[in-house]
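**Q** The structure file final.txt (compact mmCIF, C-alpha atoms) is provided below.
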```txt
# COMPACT_ATOMS: atom_id res chain seq x y z
CA MET A 712 -0.59 17.18 1.62
CA LYS A 713 -3.95 17.90 3.25
CA LYS A 714 -5.45 19.24 0.03
CA ILE A 715 -4.65 16.05 -1.86
CA LEU A 716 -5.69 13.72 0.97
CA GLY A 717 -8.99 15.55 1.21
CA CYS A 718 -10.19 14.79 -2.32
CA VAL A 719 -8.68 13.82 -5.64
CA LEU A 720 -10.94 14.58 -8.59
CA GLY A 721 -11.49 11.34 -10.49
CA LEU A 722 -10.85 10.99 -14.18
CA ALA A 723 -12.40 7.94 -15.86
CA THR A 724 -10.74 8.48 -19.19
CA CYS A 725 -7.58 7.70 -21.06
CA ALA A 726 -5.34 9.61 -23.38
CA GLY A 727 -7.18 10.59 -26.52
CA VAL A 728 -10.57 11.52 -25.00
CA ALA A 729 -11.70 14.99 -26.03
CA ALA A 730 -11.75 17.82 -23.50
CA ALA A 731 -15.54 18.04 -23.35
CA GLN A 732 -15.78 14.34 -22.61
CA THR A 733 -13.09 14.71 -19.94
CA VAL A 734 -15.07 17.35 -18.08
CA GLU A 735 -18.17 15.14 -18.20
CA LEU A 736 -16.30 12.14 -16.89
CA ILE A 737 -14.77 14.11 -14.03
CA THR A 738 -18.19 15.27 -12.89
CA ARG A 739 -19.46 11.71 -13.00
CA GLN A 740 -17.01 10.68 -10.30
CA GLY A 741 -18.06 11.49 -6.78
CA ASN A 742 -18.91 10.30 -3.31
CA ALA A 743 -21.64 7.71 -3.15
CA GLY A 744 -23.73 7.07 -0.08
CA PRO A 745 -22.30 5.35 2.99
CA VAL A 746 -21.80 1.62 3.30
CA PRO A 747 -25.17 0.09 4.32
CA LEU A 748 -25.38 -0.85 7.98
CA SER A 749 -26.07 -4.50 7.18
CA LEU A 750 -22.86 -4.69 5.14
CA GLN A 751 -20.93 -2.89 7.88
CA ASN A 752 -22.13 -5.60 10.26
CA GLU A 753 -20.97 -8.30 7.86
CA ALA A 754 -17.59 -6.64 7.63
CA ARG A 755 -17.31 -6.37 11.40
CA ALA A 756 -18.18 -10.05 11.80
CA ALA A 757 -15.55 -11.01 9.20
CA ILE A 758 -12.99 -8.81 10.94
CA ASP A 759 -13.76 -10.41 14.32
CA ARG A 760 -13.40 -13.90 12.84
CA GLY A 761 -10.11 -12.87 11.27
CA LEU A 762 -8.76 -11.37 14.48
CA ARG A 763 -9.56 -14.52 16.43
CA TRP A 764 -7.86 -16.64 13.77
CA VAL A 765 -4.70 -14.52 13.77
CA GLU A 766 -4.51 -14.33 17.55
CA ALA A 767 -4.69 -18.12 17.82
CA ARG A 768 -1.61 -18.46 15.61
CA GLN A 769 0.76 -16.18 17.44
CA GLN A 770 3.92 -17.87 18.69
CA THR A 771 4.82 -17.77 22.36
CA ASP A 772 7.58 -15.20 21.83
CA GLY A 773 5.09 -12.87 20.13
CA HIS A 774 5.97 -13.33 16.48
CA TRP A 775 3.93 -14.63 13.56
CA SER A 776 5.01 -16.72 10.56
CA ASN A 777 8.80 -16.22 10.48
CA PRO A 778 10.82 -14.46 13.18
CA ASP A 779 13.53 -13.55 10.66
CA PHE A 780 11.16 -11.02 9.11
CA PRO A 781 9.50 -8.84 11.77
CA ALA A 782 7.29 -7.23 9.11
CA LEU A 783 5.32 -10.49 9.19
CA THR A 784 4.57 -9.69 12.83
CA ALA A 785 4.08 -5.98 12.25
CA LEU A 786 1.29 -6.49 9.72
CA PRO A 787 -0.97 -8.56 12.03
CA LEU A 788 -0.19 -6.18 14.91
CA TRP A 789 -1.12 -3.18 12.75
CA ALA A 790 -4.35 -4.94 11.76
CA MET A 791 -5.16 -5.70 15.39
CA ALA A 792 -4.55 -2.09 16.42
CA ARG A 793 -6.58 -0.67 13.55
CA CYS A 794 -9.41 -3.17 14.01
CA VAL A 795 -9.44 -2.52 17.78
CA SER A 796 -8.65 -6.01 18.96
CA THR A 797 -9.54 -6.68 22.60
CA ASN A 798 -6.68 -9.16 22.96
CA ARG A 799 -4.25 -6.83 24.66
CA ALA A 800 -1.99 -9.68 25.74
CA ALA A 801 -1.37 -10.77 22.13
CA MET A 802 -0.65 -7.20 21.10
CA GLU A 803 1.78 -6.75 23.99
CA ARG A 804 3.64 -9.94 23.04
CA ALA A 805 3.94 -8.71 19.45
CA ARG A 806 5.12 -5.32 20.68
CA GLN A 807 7.82 -6.88 22.81
CA PHE A 808 8.96 -9.10 19.96
CA LEU A 809 9.33 -6.15 17.60
CA LEU A 810 11.37 -4.30 20.20
CA THR A 811 13.86 -7.18 20.24
CA CYS A 812 14.47 -6.45 16.54
CA VAL A 813 15.46 -2.81 17.04
CA HIS A 814 19.04 -1.88 16.08
CA THR A 815 21.08 0.97 17.49
CA ASN A 816 20.84 2.82 14.17
CA GLY A 817 17.04 2.79 14.43
CA ALA A 818 16.39 0.01 11.94
CA ILE A 819 13.93 -2.73 12.92
CA TYR A 820 14.86 -6.01 11.26
CA ARG A 821 16.76 -9.24 11.79
CA GLU A 822 19.58 -10.80 9.89
CA PRO A 823 17.98 -13.94 8.42
CA ALA A 824 19.28 -17.36 9.29
CA GLN A 825 19.89 -17.98 5.60
CA GLN A 826 21.45 -15.20 3.57
CA GLN A 827 19.43 -13.99 0.62
CA LYS A 828 19.30 -11.18 -1.89
CA GLY A 829 18.33 -8.04 -0.02
CA GLY A 830 19.78 -9.29 3.28
CA GLY A 831 17.44 -8.62 6.18
CA LEU A 832 15.16 -6.41 4.05
CA ALA A 833 15.97 -3.56 6.40
CA ASN A 834 13.83 -0.87 4.76
CA TYR A 835 10.82 -3.11 4.21
CA ASN A 836 10.82 -4.43 7.78
CA THR A 837 11.55 -1.08 9.41
CA ALA A 838 8.80 0.72 7.50
CA LEU A 839 6.10 -1.75 8.47
CA CYS A 840 7.32 -2.14 12.05
CA MET A 841 7.38 1.58 12.76
CA VAL A 842 3.82 1.94 11.45
CA ALA A 843 2.60 -0.94 13.60
CA LEU A 844 4.28 0.41 16.72
CA HIS A 845 2.93 3.89 16.01
CA ALA A 846 -0.58 2.44 15.69
CA LEU A 847 -0.37 1.33 19.34
CA ASN A 848 -0.47 5.01 20.37
CA ASP A 849 2.01 4.44 23.19
CA PRO A 850 4.16 7.49 24.05
CA GLN A 851 6.87 5.19 25.38
CA LEU A 852 7.47 4.02 21.81
CA THR A 853 8.11 7.53 20.48
CA PRO A 854 11.94 7.30 20.76
CA VAL A 855 11.89 4.00 18.84
CA ILE A 856 9.72 5.48 16.10
CA LEU A 857 11.84 8.62 15.84
CA ARG A 858 15.00 6.57 15.40
CA ALA A 859 13.25 4.36 12.84
CA ARG A 860 12.20 7.46 10.91
CA ALA A 861 15.80 8.66 10.87
CA PHE A 862 16.94 5.29 9.55
CA VAL A 863 14.35 5.19 6.76
CA ALA A 864 15.02 8.79 5.75
CA GLY A 865 18.73 8.06 5.65
CA THR A 866 18.22 5.20 3.22
CA GLN A 867 16.46 7.22 0.55
CA HIS A 868 18.62 6.93 -2.53
CA LEU A 869 19.71 10.40 -3.59
CA GLY A 870 22.33 9.57 -6.19
CA ALA A 871 22.34 11.12 -9.65
CA ASP A 872 20.70 8.19 -11.42
CA GLU A 873 17.31 6.75 -12.31
CA TYR A 874 16.73 5.50 -8.76
CA ARG A 875 17.09 8.92 -7.15
CA GLY A 876 14.30 9.50 -4.62
CA GLY A 877 13.37 5.85 -4.21
CA MET A 878 13.98 3.15 -1.63
CA GLY A 879 15.30 -0.40 -1.93
CA TYR A 880 15.27 -3.44 0.30
CA ASP A 881 18.65 -3.06 1.94
CA PRO A 882 20.94 -0.02 1.71
CA ALA A 883 23.84 -2.12 2.99
CA ASN A 884 24.12 -3.62 -0.51
CA GLU A 885 25.84 -0.37 -1.50
CA ARG A 886 24.55 -0.40 -5.06
CA PRO A 887 22.05 1.92 -6.71
CA TYR A 888 18.63 0.29 -6.55
CA ALA A 889 15.05 1.22 -5.69
CA ASP A 890 11.62 -0.09 -6.59
CA LEU A 891 8.08 1.20 -6.25
CA SER A 892 6.89 -1.39 -3.72
CA ASN A 893 9.62 -0.64 -1.19
CA SER A 894 9.32 3.05 -1.90
CA TYR A 895 5.56 3.24 -1.38
CA LEU A 896 5.85 1.42 1.94
CA ALA A 897 8.62 3.76 3.09
CA TYR A 898 6.71 6.85 1.94
CA GLU A 899 3.63 5.58 3.76
CA ALA A 900 5.57 4.90 6.94
CA MET A 901 7.03 8.40 6.92
CA ARG A 902 3.65 10.05 6.33
CA LEU A 903 1.71 7.98 8.86
CA THR A 904 4.26 8.63 11.60
CA GLN A 905 5.17 12.22 10.75
CA LYS A 906 3.39 13.75 13.76
CA VAL A 907 5.91 12.17 16.13
CA GLU A 908 8.48 14.63 14.79
CA ASP A 909 6.81 17.19 17.03
CA GLN A 910 8.09 15.17 19.98
CA ARG A 911 11.75 15.69 19.16
CA ARG A 912 13.74 17.57 21.75
CA ALA A 913 14.06 21.32 21.39
CA GLY A 914 16.84 22.14 18.98
CA GLU A 915 16.92 18.64 17.50
CA LYS A 916 16.56 18.69 13.72
CA LYS A 917 13.38 17.12 12.41
CA VAL A 918 13.68 14.24 9.96
CA ASP A 919 11.90 13.91 6.64
CA LEU A 920 12.32 12.57 3.13
CA ASP A 921 13.18 14.56 0.05
CA TRP A 922 9.60 14.49 -1.20
CA GLN A 923 10.37 16.20 -4.47
CA ALA A 924 12.92 13.50 -5.26
CA ALA A 925 10.35 10.89 -4.23
CA ALA A 926 7.79 12.31 -6.66
CA GLU A 927 10.38 12.37 -9.41
CA PHE A 928 11.30 8.74 -8.78
CA VAL A 929 7.67 7.65 -8.93
CA THR A 930 7.18 9.67 -12.12
CA ARG A 931 10.03 7.79 -13.81
CA ILE A 932 8.11 4.53 -13.38
CA GLN A 933 4.80 5.82 -14.73
CA HIS A 934 3.67 5.39 -18.32
CA LYS A 935 3.10 8.88 -19.66
CA PRO A 936 -0.18 9.89 -21.33
CA SER A 937 0.25 10.09 -25.11
CA GLY A 938 -1.38 13.53 -25.33
CA THR A 939 -2.91 12.81 -28.73
CA ASN A 940 -6.32 11.78 -29.99
CA ALA A 941 -4.89 9.34 -32.50
CA THR A 942 -4.14 6.02 -30.79
CA PRO A 943 -4.92 5.81 -27.07
CA ASP A 944 -2.18 4.04 -25.14
CA PRO A 945 -3.65 1.31 -22.90
CA GLU A 946 -0.69 1.62 -20.55
CA ALA A 947 -0.95 5.40 -20.14
CA GLY A 948 -0.97 6.49 -16.51
CA GLY A 949 -0.18 3.03 -15.16
CA PHE A 950 2.96 1.88 -13.37
CA GLY A 951 5.56 -0.84 -13.58
CA TYR A 952 7.84 -2.00 -10.76
CA ARG A 953 10.96 0.12 -11.18
CA PRO A 954 12.46 2.30 -13.91
CA GLY A 955 12.74 0.18 -17.05
CA TYR A 956 11.12 -2.94 -15.58
CA SER A 957 7.64 -4.30 -14.97
CA MET A 958 6.66 -7.56 -13.27
CA ALA A 959 3.85 -7.72 -15.84
CA GLY A 960 6.31 -7.96 -18.71
CA THR A 961 5.97 -6.21 -22.05
CA ALA A 962 3.36 -5.71 -24.74
CA THR A 963 3.36 -4.39 -28.30
CA ASN A 964 1.20 -1.32 -28.77
CA ALA A 965 -0.82 -0.29 -31.82
CA ALA A 966 2.19 1.48 -33.26
CA GLY A 967 4.21 -1.74 -33.13
CA GLU A 968 6.37 -0.55 -30.25
CA VAL A 969 7.33 -2.90 -27.43
CA GLN A 970 6.61 -1.28 -24.07
CA LEU A 971 6.39 -2.23 -20.43
CA ARG A 972 2.96 -3.27 -19.22
CA SER A 973 1.28 -1.49 -16.33
CA TYR A 974 -0.32 -3.54 -13.57
CA GLY A 975 -2.80 -2.98 -10.80
CA SER A 976 -0.93 -3.23 -7.53
CA MET A 977 1.90 -0.97 -8.64
CA THR A 978 -0.44 1.54 -10.28
CA TYR A 979 -2.33 2.02 -7.02
CA ALA A 980 1.00 2.11 -5.16
CA GLY A 981 2.15 4.79 -7.60
CA LEU A 982 -1.05 6.79 -7.17
CA LEU A 983 -0.75 6.59 -3.38
CA SER A 984 2.93 7.53 -3.52
CA LEU A 985 2.12 10.65 -5.52
CA ILE A 986 -0.49 11.55 -2.91
CA TYR A 987 2.00 11.02 -0.09
CA ALA A 988 4.50 13.18 -1.98
CA ASP A 989 1.89 15.97 -2.02
CA VAL A 990 1.51 16.10 -5.78
CA ASP A 991 -1.50 18.26 -6.64
CA ARG A 992 -4.73 16.41 -7.39
CA ASN A 993 -5.01 18.09 -10.79
CA ASP A 994 -1.49 17.14 -11.78
CA PRO A 995 -1.53 14.97 -14.95
CA ARG A 996 0.39 12.23 -13.12
CA VAL A 997 -2.32 11.86 -10.49
CA ARG A 998 -5.16 12.19 -12.95
CA SER A 999 -3.73 9.69 -15.42
CA ALA A 1000 -2.95 7.15 -12.67
CA PHE A 1001 -6.52 7.39 -11.45
CA ALA A 1002 -7.74 7.11 -15.04
CA TRP A 1003 -5.80 3.86 -15.56
CA ALA A 1004 -7.14 2.46 -12.29
CA VAL A 1005 -10.75 3.25 -13.18
CA LYS A 1006 -10.41 2.05 -16.76
CA ASN A 1007 -8.98 -1.27 -15.56
CA TRP A 1008 -11.25 -1.66 -12.54
CA THR A 1009 -11.75 -5.21 -11.31
CA LEU A 1010 -11.59 -7.09 -8.03
CA GLN A 1011 -11.39 -10.47 -9.73
CA GLU A 1012 -7.65 -10.21 -10.17
CA ASN A 1013 -4.62 -7.99 -9.79
CA PRO A 1014 -4.89 -6.39 -13.25
CA GLY A 1015 -1.95 -7.45 -15.36
CA MET A 1016 -0.81 -10.11 -12.85
CA GLY A 1017 -3.85 -12.35 -12.48
CA GLN A 1018 -4.04 -13.93 -9.03
CA GLU A 1019 -0.44 -13.10 -8.13
CA GLY A 1020 -0.18 -10.48 -5.40
CA LEU A 1021 -3.98 -10.34 -5.17
CA TYR A 1022 -4.25 -9.44 -1.48
CA TYR A 1023 -1.41 -6.94 -1.65
CA PHE A 1024 -3.50 -5.45 -4.45
CA TYR A 1025 -6.67 -5.32 -2.34
CA ASN A 1026 -4.70 -3.71 0.46
CA VAL A 1027 -3.18 -0.93 -1.63
CA VAL A 1028 -6.43 -0.33 -3.58
CA THR A 1029 -8.28 0.54 -0.37
CA LYS A 1030 -5.47 2.81 0.82
CA ALA A 1031 -5.15 4.67 -2.46
CA LEU A 1032 -8.86 5.18 -3.05
CA ALA A 1033 -9.44 6.18 0.57
CA ALA A 1034 -6.65 8.75 0.19
CA THR A 1035 -8.24 10.19 -2.95
CA GLY A 1036 -11.51 10.78 -1.14
CA GLN A 1037 -13.37 9.01 -3.94
CA THR A 1038 -16.10 6.51 -3.12
CA GLN A 1039 -18.15 6.35 -6.30
CA LEU A 1040 -16.39 5.29 -9.50
CA THR A 1041 -17.68 5.27 -13.05
CA ILE A 1042 -15.77 2.47 -14.72
CA ALA A 1043 -15.03 1.82 -18.40
CA SER A 1044 -18.36 0.06 -19.00
CA GLY A 1045 -20.21 3.16 -17.83
CA GLN A 1046 -21.35 1.45 -14.64
CA SER A 1047 -21.29 3.55 -11.48
CA LEU A 1048 -20.22 1.72 -8.33
CA ASN A 1049 -19.31 2.26 -4.71
CA TRP A 1050 -15.85 0.72 -4.45
CA ARG A 1051 -16.10 0.40 -0.67
CA VAL A 1052 -19.22 -1.73 -0.97
CA ASP A 1053 -17.68 -3.89 -3.70
CA MET A 1054 -14.44 -4.38 -1.77
CA ILE A 1055 -16.23 -5.39 1.43
CA LYS A 1056 -18.45 -7.87 -0.41
CA LYS A 1057 -15.43 -9.35 -2.18
CA LEU A 1058 -13.34 -9.82 0.94
CA VAL A 1059 -16.20 -11.15 3.06
CA GLY A 1060 -16.96 -13.64 0.30
CA LEU A 1061 -13.34 -14.81 0.08
CA GLN A 1062 -12.94 -15.46 3.81
CA LYS A 1063 -12.52 -19.12 4.73
CA ILE A 1064 -14.19 -20.12 7.99
CA GLU A 1065 -13.00 -22.97 10.19
CA PRO A 1066 -16.01 -25.13 11.13
CA ALA A 1067 -14.54 -26.17 14.47
CA THR A 1068 -13.78 -22.69 15.79
CA GLY A 1069 -15.78 -20.27 13.67
CA HIS A 1070 -12.56 -18.32 13.09
CA GLY A 1071 -11.85 -16.99 9.61
CA TYR A 1072 -8.82 -16.39 7.43
CA TRP A 1073 -7.73 -15.58 3.89
CA VAL A 1074 -5.06 -17.18 1.72
CA ASN A 1075 -3.94 -16.93 -1.89
CA THR A 1076 -3.44 -20.18 -3.80
CA ALA A 1077 -1.07 -18.22 -6.04
CA GLY A 1078 1.69 -18.04 -3.46
CA ARG A 1079 4.03 -15.56 -5.10
CA TRP A 1080 5.30 -12.73 -2.86
CA TRP A 1081 4.62 -14.74 0.31
CA GLU A 1082 0.86 -14.87 -0.27
CA ALA A 1083 0.76 -18.61 0.47
CA ASP A 1084 1.15 -17.48 4.10
CA PRO A 1085 -2.40 -17.11 5.46
CA VAL A 1086 -1.25 -14.90 8.34
CA LEU A 1087 0.23 -12.35 5.95
CA VAL A 1088 -2.78 -12.50 3.64
CA THR A 1089 -5.23 -12.29 6.54
CA ALA A 1090 -3.46 -9.19 7.83
CA TYR A 1091 -3.72 -7.62 4.37
CA ALA A 1092 -7.43 -8.46 4.25
CA LEU A 1093 -8.16 -7.16 7.74
CA LEU A 1094 -6.51 -3.84 7.00
CA ALA A 1095 -8.36 -3.57 3.69
CA LEU A 1096 -11.71 -4.38 5.31
CA SER A 1097 -11.14 -1.83 8.03
CA ILE A 1098 -10.23 0.91 5.55
CA ALA A 1099 -13.07 0.05 3.17
CA THR A 1100 -15.57 0.09 6.02
CA SER A 1101 -14.43 3.43 7.42
CA GLY A 1102 -13.45 5.05 4.15
CA THR A 1103 -10.35 6.55 5.78
CA LEU A 1104 -6.70 5.64 6.12
```
Reformat the file's structure so that it appears as structure tokens.
**A**
Amino acid sequence: MKKILGCVLGLATCAGVAAAQTVELITRQGNAGPVPLSLQNEARAAIDRGLRWVEARQQTDGHWSNPDFPALTALPLWAMARCVSTNRAAMERARQFLLTCVHTNGAIYREPAQQQKGGGLANYNTALCMVALHALNDPQLTPVILRARAFVAGTQHLGADEYRGGMGYDPANERPYADLSNSYLAYEAMRLTQKVEDQRRAGEKKVDLDWQAAAEFVTRIQHKPSGTNATPDPEAGGFGYRPGYSMAGTATNAAGEVQLRSYGSMTYAGLLSLIYADVDRNDPRVRSAFAWAVKNWTLQENPGMGQEGLYYFYNVVTKALAATGQTQLTIASGQSLNWRVDMIKKLVGLQKIEPATGHGYWVNTAGRWWEADPVLVTAYALLALSIATSGTL
């Protein structure tokens, strides 16, 4: 995994570009200069405003937004830990709340007051909670994290079907199902916490995912490069949501075929998942995913979905590009840009500041996928700002 996390060679091309052009485009990707100090200061000020805003909205029992879904507390806590919040009392309250959600089987979730599809979203909540607790760097939490890892690993779907290698919301449903969003979050949680496996007792078997199966699952969701020079496929290298389905719907290609449309948030989630699964940087899957991302570069929307899931998109963009080691991108127009600079400017510009307090927050007027919740969106933005500023996961 280290070789792929170190640097992924960029490819700003799509299927159908000649080999000589491909080599040229690869060399045009690279690492631009650092983020200017003045912009780092702007980012830090925006982060501080966001931290103050989030901290002021914590409930007395330590949770944020909705206690039925501890992931909504884990995300702000993770942001506070990563952004080095000085409000230790708020972080301790959040920590204690998350610990009340721990089950004997290692899962970290709550059964919601109102039953819904996916139940308590056990995988989703556990993955985010274990990352947040791990970010606190508290050795006392190691047993909790180890049990959570065992739970998540045990819920990887390994049946002989199209979902093999992936993760769904709730394994208790006892039906084959997995999607890329849940899977990427689970893969991330397992990678970010993997060092705690060294703390297992002597003789105790270490826990991990079947990473080959994970890579195969992700591959089944990716649009394959056409491999010809005839008619470039605009969807090549991009990702949908799960095998045979895309939230972005369908489109008819130049050949008159109806195909699933790729979209931004899942393409970056797919790229990051391949990286977590230790797929080689020169593998066509990695290269074509990066190519789609560069070809469709924009921060004005979640490509293919408009404003829906916009801050989830910003969050996963920063993670994926930081993991590739790329800073400078040459996009379809030929323009060369520093994505870290562009992302910081975008997020700082989108922050809403309360006149009375000077605190700041983010919210998405397109409320799909919980993004009408400013606490959730602010946590996404804080994590993205922190990663874009540092350039590292």
**Q** When you look at A:Glu1082 with a cut-off of 10 Å (counting only C-alpha atoms), what residues show up, excluding the ones that are within fewer than 2 positions of it in the same chain? I need them as a list in words.
**A**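 Contacts, in chain order: Glu1019, Gly1020, Leu1021, Tyr1022, Tyr1023, Trp1073, Val1074, Asn1075, Thr1076, Ala1077, Gly1078, Arg1079, Trp1080, Asp1084, Pro1085, Val1086, Leu1087, Val1088, Thr1089 and Tyr1091 of chain A.
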**Q** For atom CA of A:Leu788 and atom CA of A:Pro823, determine how far apart the two atoms are, in Å to one decimal place.
**A**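 Separating atom CA of A:Leu788 from atom CA of A:Pro823 is a distance of 20.8 Å.
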**Q** Tell me which of A:Leu1104, A:Glu1065, A:Val1059, A:Phe862 sits closest to A:Ala756, counting only C-alpha atoms.
**A**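 Selected residue with least distance to A:Ala756: A:Val1059.
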**Q** Around the point (11.3, 8.1, 18.2) (coordinates from the file), which residues reach within 12 Å if we count only C-alpha atoms? Answer as an mmCIF file with C-alpha atoms, keeping the file's coordinate frame.
**A**
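Written output follows (result28.cif):
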```
data_model
loop_
_atom_site.group_PDB
_atom_site.id
_atom_site.type_symbol
_atom_site.label_atom_id
_atom_site.label_comp_id
_atom_site.auth_asym_id
_atom_site.auth_seq_id
_atom_site.Cartn_x
_atom_site.Cartn_y
_atom_site.Cartn_z
ATOM 1 C CA VAL A 813 15.460 -2.810 17.040
ATOM 2 C CA ASN A 816 20.840 2.820 14.170
ATOM 3 C CA GLY A 817 17.040 2.790 14.430
ATOM 4 C CA ALA A 818 16.390 0.010 11.940
ATOM 5 C CA MET A 841 7.380 1.580 12.760
ATOM 6 C CA VAL A 842 3.820 1.940 11.450
ATOM 7 C CA LEU A 844 4.280 0.410 16.720
ATOM 8 C CA HIS A 845 2.930 3.890 16.010
ATOM 9 C CA ASP A 849 2.010 4.440 23.190
ATOM 10 C CA PRO A 850 4.160 7.490 24.050
ATOM 11 C CA GLN A 851 6.870 5.190 25.380
ATOM 12 C CA LEU A 852 7.470 4.020 21.810
ATOM 13 C CA THR A 853 8.110 7.530 20.480
ATOM 14 C CA PRO A 854 11.940 7.300 20.760
ATOM 15 C CA VAL A 855 11.890 4.000 18.840
ATOM 16 C CA ILE A 856 9.720 5.480 16.100
ATOM 17 C CA LEU A 857 11.840 8.620 15.840
ATOM 18 C CA ARG A 858 15.000 6.570 15.400
ATOM 19 C CA ALA A 859 13.250 4.360 12.840
ATOM 20 C CA ARG A 860 12.200 7.460 10.910
ATOM 21 C CA ALA A 861 15.800 8.660 10.870
ATOM 22 C CA PHE A 862 16.940 5.290 9.550
ATOM 23 C CA THR A 904 4.260 8.630 11.600
ATOM 24 C CA GLN A 905 5.170 12.220 10.750
ATOM 25 C CA LYS A 906 3.390 13.750 13.760
ATOM 26 C CA VAL A 907 5.910 12.170 16.130
ATOM 27 C CA GLU A 908 8.480 14.630 14.790
ATOM 28 C CA ASP A 909 6.810 17.190 17.030
ATOM 29 C CA GLN A 910 8.090 15.170 19.980
ATOM 30 C CA ARG A 911 11.750 15.690 19.160
ATOM 31 C CA ARG A 912 13.740 17.570 21.750
ATOM 32 C CA GLU A 915 16.920 18.640 17.500
ATOM 33 C CA LYS A 917 13.380 17.120 12.410
ATOM 34 C CA VAL A 918 13.680 14.240 9.960
#
```
**Q** Between atom CA of A:Thr1068 and atom CA of A:Arg760, what distance in Å does the model show, to one decimal?
**A**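 Distance reported for this atom pair: 9.3 Å.
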**Q** Determine the nearest neighbour of A:Ala947 from the options A:Glu899, A:Ala1004, A:Gly914, A:Ser894, counting all atoms listed in the file.
**A**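 The shortest atom-to-atom distance to A:Ala947 comes from A:Ala1004.
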**Q** When you look at A:Ala965 with a cut-off of 10 Å (counting all atoms listed in the file), what residues show up, excluding the ones that are within fewer than 4 positions of it in the same chain? I need them as a PDB file with C-alpha atoms, keeping the file's coordinate frame.
**A**
```
ATOM      1  CA  THR A 942      -4.140   6.020 -30.790  1.00  0.00           C
ATOM      2  CA  PRO A 943      -4.920   5.810 -27.070  1.00  0.00           C
ATOM      3  CA  ASP A 944      -2.180   4.040 -25.140  1.00  0.00           C
ATOM      4  CA  PRO A 945      -3.650   1.310 -22.900  1.00  0.00           C
ATOM      5  CA  VAL A 969       7.330  -2.900 -27.430  1.00  0.00           C
TER       6      VAL A 969
END
```
**Q** Please provide the set of residues having any atom within 12 Å of A:Gly877, restricted to all atoms listed in the file, with same-chain residues fewer than 6 positions apart removed, written as a ChimeraX atom specification.
**A** /A:834,863-871,887-898,920-932,952-954,981,984,988
**Q** What does the structure give for the distance between atom CA of A:Thr961 and atom CA of A:Ala1002, in Å to one decimal?
**A**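 Rounded to one decimal, the two atoms are 20.4 Å apart.
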**Q** For A:Ala1031, which residue out of A:Gly1045, A:Gly975, A:Gly948, A:Gly967 is the nearest one, using all atoms listed in the file?
**A**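 Using all atoms listed in the file, the shortest distance to A:Ala1031 belongs to A:Gly975.
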**Q** Output stretch 1059-1070 of chain A as a PDB file, keeping the file's coordinate frame, making sure N, CA and C atoms are there.
**A**
```pdb
ATOM      1  N   VAL A1059     -15.353 -10.302   2.209  1.00  0.00           N
ATOM      2  CA  VAL A1059     -16.200 -11.150   3.060  1.00  0.00           C
ATOM      3  C   VAL A1059     -16.454 -12.471   2.355  1.00  0.00           C
ATOM      4  N   GLY A1060     -16.692 -12.420   1.052  1.00  0.00           N
ATOM      5  CA  GLY A1060     -16.960 -13.640   0.300  1.00  0.00           C
ATOM      6  C   GLY A1060     -15.769 -14.556   0.168  1.00  0.00           C
ATOM      7  N   LEU A1061     -14.555 -14.004   0.228  1.00  0.00           N
ATOM      8  CA  LEU A1061     -13.340 -14.810   0.080  1.00  0.00           C
ATOM      9  C   LEU A1061     -12.861 -15.406   1.399  1.00  0.00           C
ATOM     10  N   GLN A1062     -13.415 -14.957   2.515  1.00  0.00           N
ATOM     11  CA  GLN A1062     -12.940 -15.460   3.810  1.00  0.00           C
ATOM     12  C   GLN A1062     -13.287 -16.937   3.966  1.00  0.00           C
ATOM     13  N   LYS A1063     -12.321 -17.704   4.440  1.00  0.00           N
ATOM     14  CA  LYS A1063     -12.520 -19.120   4.730  1.00  0.00           C
ATOM     15  C   LYS A1063     -12.769 -19.261   6.218  1.00  0.00           C
ATOM     16  N   ILE A1064     -13.805 -19.999   6.586  1.00  0.00           N
ATOM     17  CA  ILE A1064     -14.190 -20.120   7.990  1.00  0.00           C
ATOM     18  C   ILE A1064     -13.941 -21.547   8.472  1.00  0.00           C
ATOM     19  N   GLU A1065     -13.265 -21.660   9.596  1.00  0.00           N
ATOM     20  CA  GLU A1065     -13.000 -22.970  10.190  1.00  0.00           C
ATOM     21  C   GLU A1065     -14.262 -23.473  10.896  1.00  0.00           C
ATOM     22  N   PRO A1066     -14.780 -24.616  10.507  1.00  0.00           N
ATOM     23  CA  PRO A1066     -16.010 -25.130  11.130  1.00  0.00           C
ATOM     24  C   PRO A1066     -15.872 -25.350  12.637  1.00  0.00           C
ATOM     25  N   ALA A1067     -14.705 -25.810  13.061  1.00  0.00           N
ATOM     26  CA  ALA A1067     -14.540 -26.170  14.470  1.00  0.00           C
ATOM     27  C   ALA A1067     -14.511 -24.955  15.396  1.00  0.00           C
ATOM     28  N   THR A1068     -13.947 -23.850  14.921  1.00  0.00           N
ATOM     29  CA  THR A1068     -13.780 -22.690  15.790  1.00  0.00           C
ATOM     30  C   THR A1068     -14.649 -21.493  15.404  1.00  0.00           C
ATOM     31  N   GLY A1069     -15.071 -21.454  14.149  1.00  0.00           N
ATOM     32  CA  GLY A1069     -15.780 -20.270  13.670  1.00  0.00           C
ATOM     33  C   GLY A1069     -14.847 -19.135  13.318  1.00  0.00           C
ATOM     34  N   HIS A1070     -13.537 -19.340  13.467  1.00  0.00           N
ATOM     35  CA  HIS A1070     -12.560 -18.320  13.090  1.00  0.00           C
ATOM     36  C   HIS A1070     -12.440 -18.265  11.570  1.00  0.00           C
TER      37      HIS A1070
END
```
